[in-house]
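**Q** Please find one structure pasted underneath; my questions will follow.
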Amino acid sequence: MVSLFVEGQPIVFEVNKEQQVFHFEPLSSWKDLTAPESFSLECQDKTWSTHTDIDTDLFYQAVEEVEKMF
């Protein structure tokens with residue numbers, strides 16, 4: 001589990017890994033926040049990407065947390 005900040009509010013996510021894809025599912029409510037309910041990050045050749053329209057800051061927070069965990 002990781003805590004990421006969305007619009008200044010901490011949201012707790014469960015992170016699941018499938019090969020080189022990391023899936024983020026929120027465990028707390030996103031109510032009134034402009035962010036996707038869940039998203040995924042993929043790492044290929046040390047390059048991170050996402051196919052979800054997420055805020056750049058959220059993307060970099062998620063990458064940093066995944067790199068700490070794995």
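Order determines the names: the first chain of the structure tokens is A, the second B, and so forth; residues in each chain are numbered 1 upward, and ligands are numbered 1 upward as they are shown.
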Excluding region 18-20 of chain A and its own-chain neighbours fewer than 2 positions away, which residues fall within 12 Å of it when counting only C-alpha atoms? Please give them as a ChimeraX atom specification.
**A** /A:15-16,22-24,40-50,66-67,70
**Q** Please produce an output containing C-alpha atoms for each residue in the selection, written as a compact mmCIF listing (two decimals), in the first residue's frame.
**A**
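The result, stored in again.txt:
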# COMPACT_ATOMS: atom_id res chain seq x y z
CA VAL A 15 -0.47 -1.76 -5.54
CA ASN A 16 -0.45 -5.05 -7.44
CA PHE A 22 1.81 -1.96 -11.54
CA HIS A 23 -1.90 -1.53 -10.86
CA PHE A 24 -3.04 1.15 -8.39
CA SER A 40 -1.59 1.43 -14.03
CA LEU A 41 2.08 2.14 -14.63
CA GLU A 42 4.30 0.12 -16.92
CA CYS A 43 8.09 -0.05 -16.95
CA GLN A 44 9.93 -1.14 -20.09
CA ASP A 45 13.68 -0.68 -20.41
CA LYS A 46 13.67 1.61 -17.34
CA THR A 47 11.10 3.92 -18.99
CA TRP A 48 7.82 4.48 -17.18
CA SER A 49 4.51 5.02 -18.94
CA THR A 50 0.78 4.96 -18.27
CA VAL A 66 7.03 1.81 -6.92
CA GLU A 67 10.80 2.24 -7.27
CA PHE A 70 10.42 -2.99 -5.88
**Q** Which one is closest to Asp53 (chain A): A:Val2, A:Glu65, A:Val12, A:Ser38? Count only C-alpha atoms.
**A**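 Going through A:Val2, A:Glu65, A:Val12, A:Ser38 one by one, the smallest distance to Asp53 (chain A) is for A:Ser38.
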**Q** Which of these, A:Ile54, A:Glu7, A:Phe39, A:Met1, has the shortest distance to Met69 (chain A) once you count only C-alpha atoms?
**A**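 For Met69 (chain A), the nearest of the given residues is A:Met1.
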**Q** Could you tell me how far CA of Gly8 (chain A) lies from CA of Pro26 (chain A), in Å and to one decimal?
**A**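 Atom-to-atom, CA of Gly8 (chain A) and CA of Pro26 (chain A) are spaced 15.5 Å apart.
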**Q** Rounded to one decimal, what separation in Å do you get between CA of His51 (chain A) and CA of Ser3 (chain A)?
**A**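 For CA of His51 (chain A) relative to CA of Ser3 (chain A), the distance reads 20.8 Å.
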**Q** Please determine, counting only C-alpha atoms, which residue among A:Asp55, A:Leu27, A:Gln61, A:Glu37 has the shortest atom-to-atom distance to Leu4 (chain A).
**A** A:Gln61
**Q** Quick check, in Å to one decimal: how far apart do CA of Asp57 (chain A) and CA of Gln9 (chain A) lie?
**A** 12.9 Å
**Q** So that I can check the secondary structure, give me every residue of chain A assigned strand (DSSP E) by backbone DSSP, as a ChimeraX atom specification.
**A** /A:2-6,9-18,21-26,39-44,47-49
**Q** Those residues you just picked out, can you put them in a file as a PDB file, in the first residue's frame with C-alpha atoms?
**A**
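So the final result, stored in out-v2.pdb, reads:
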ATOM      1  CA  VAL A   2       1.123   3.515  -0.751  1.00  0.00           C
ATOM      2  CA  SER A   3      -0.222   6.957   0.029  1.00  0.00           C
ATOM      3  CA  LEU A   4      -0.236   9.474  -2.837  1.00  0.00           C
ATOM      4  CA  PHE A   5      -1.420  13.063  -2.742  1.00  0.00           C
ATOM      5  CA  VAL A   6      -4.243  14.124  -5.052  1.00  0.00           C
ATOM      6  CA  GLN A   9      -5.267  15.114  -0.024  1.00  0.00           C
ATOM      7  CA  PRO A  10      -3.655  11.739   0.767  1.00  0.00           C
ATOM      8  CA  ILE A  11      -5.250   8.780  -0.986  1.00  0.00           C
ATOM      9  CA  VAL A  12      -4.200   5.251  -0.001  1.00  0.00           C
ATOM     10  CA  PHE A  13      -3.694   2.777  -2.844  1.00  0.00           C
ATOM     11  CA  GLU A  14      -3.179  -0.949  -2.990  1.00  0.00           C
ATOM     12  CA  VAL A  15      -0.468  -1.764  -5.536  1.00  0.00           C
ATOM     13  CA  ASN A  16      -0.454  -5.054  -7.438  1.00  0.00           C
ATOM     14  CA  LYS A  17       2.312  -6.103  -9.795  1.00  0.00           C
ATOM     15  CA  GLU A  18       1.855  -8.218 -12.930  1.00  0.00           C
ATOM     16  CA  VAL A  21       2.784  -3.470 -14.894  1.00  0.00           C
ATOM     17  CA  PHE A  22       1.812  -1.956 -11.541  1.00  0.00           C
ATOM     18  CA  HIS A  23      -1.903  -1.533 -10.855  1.00  0.00           C
ATOM     19  CA  PHE A  24      -3.035   1.145  -8.387  1.00  0.00           C
ATOM     20  CA  GLU A  25      -6.473   0.721  -6.771  1.00  0.00           C
ATOM     21  CA  PRO A  26      -7.653   3.341  -4.263  1.00  0.00           C
ATOM     22  CA  PHE A  39      -4.567   3.493 -12.912  1.00  0.00           C
ATOM     23  CA  SER A  40      -1.586   1.432 -14.027  1.00  0.00           C
ATOM     24  CA  LEU A  41       2.084   2.136 -14.627  1.00  0.00           C
ATOM     25  CA  GLU A  42       4.304   0.122 -16.922  1.00  0.00           C
ATOM     26  CA  CYS A  43       8.093  -0.054 -16.951  1.00  0.00           C
ATOM     27  CA  GLN A  44       9.927  -1.139 -20.086  1.00  0.00           C
ATOM     28  CA  THR A  47      11.103   3.918 -18.990  1.00  0.00           C
ATOM     29  CA  TRP A  48       7.816   4.483 -17.176  1.00  0.00           C
ATOM     30  CA  SER A  49       4.507   5.021 -18.936  1.00  0.00           C
TER      31      SER A  49
END
**Q** Mind checking DSSP for region 4-67 of chain A and telling me the helix (DSSP H, G or I) residues as a PyMOL selection string?
**A** chain A and resi 56-67
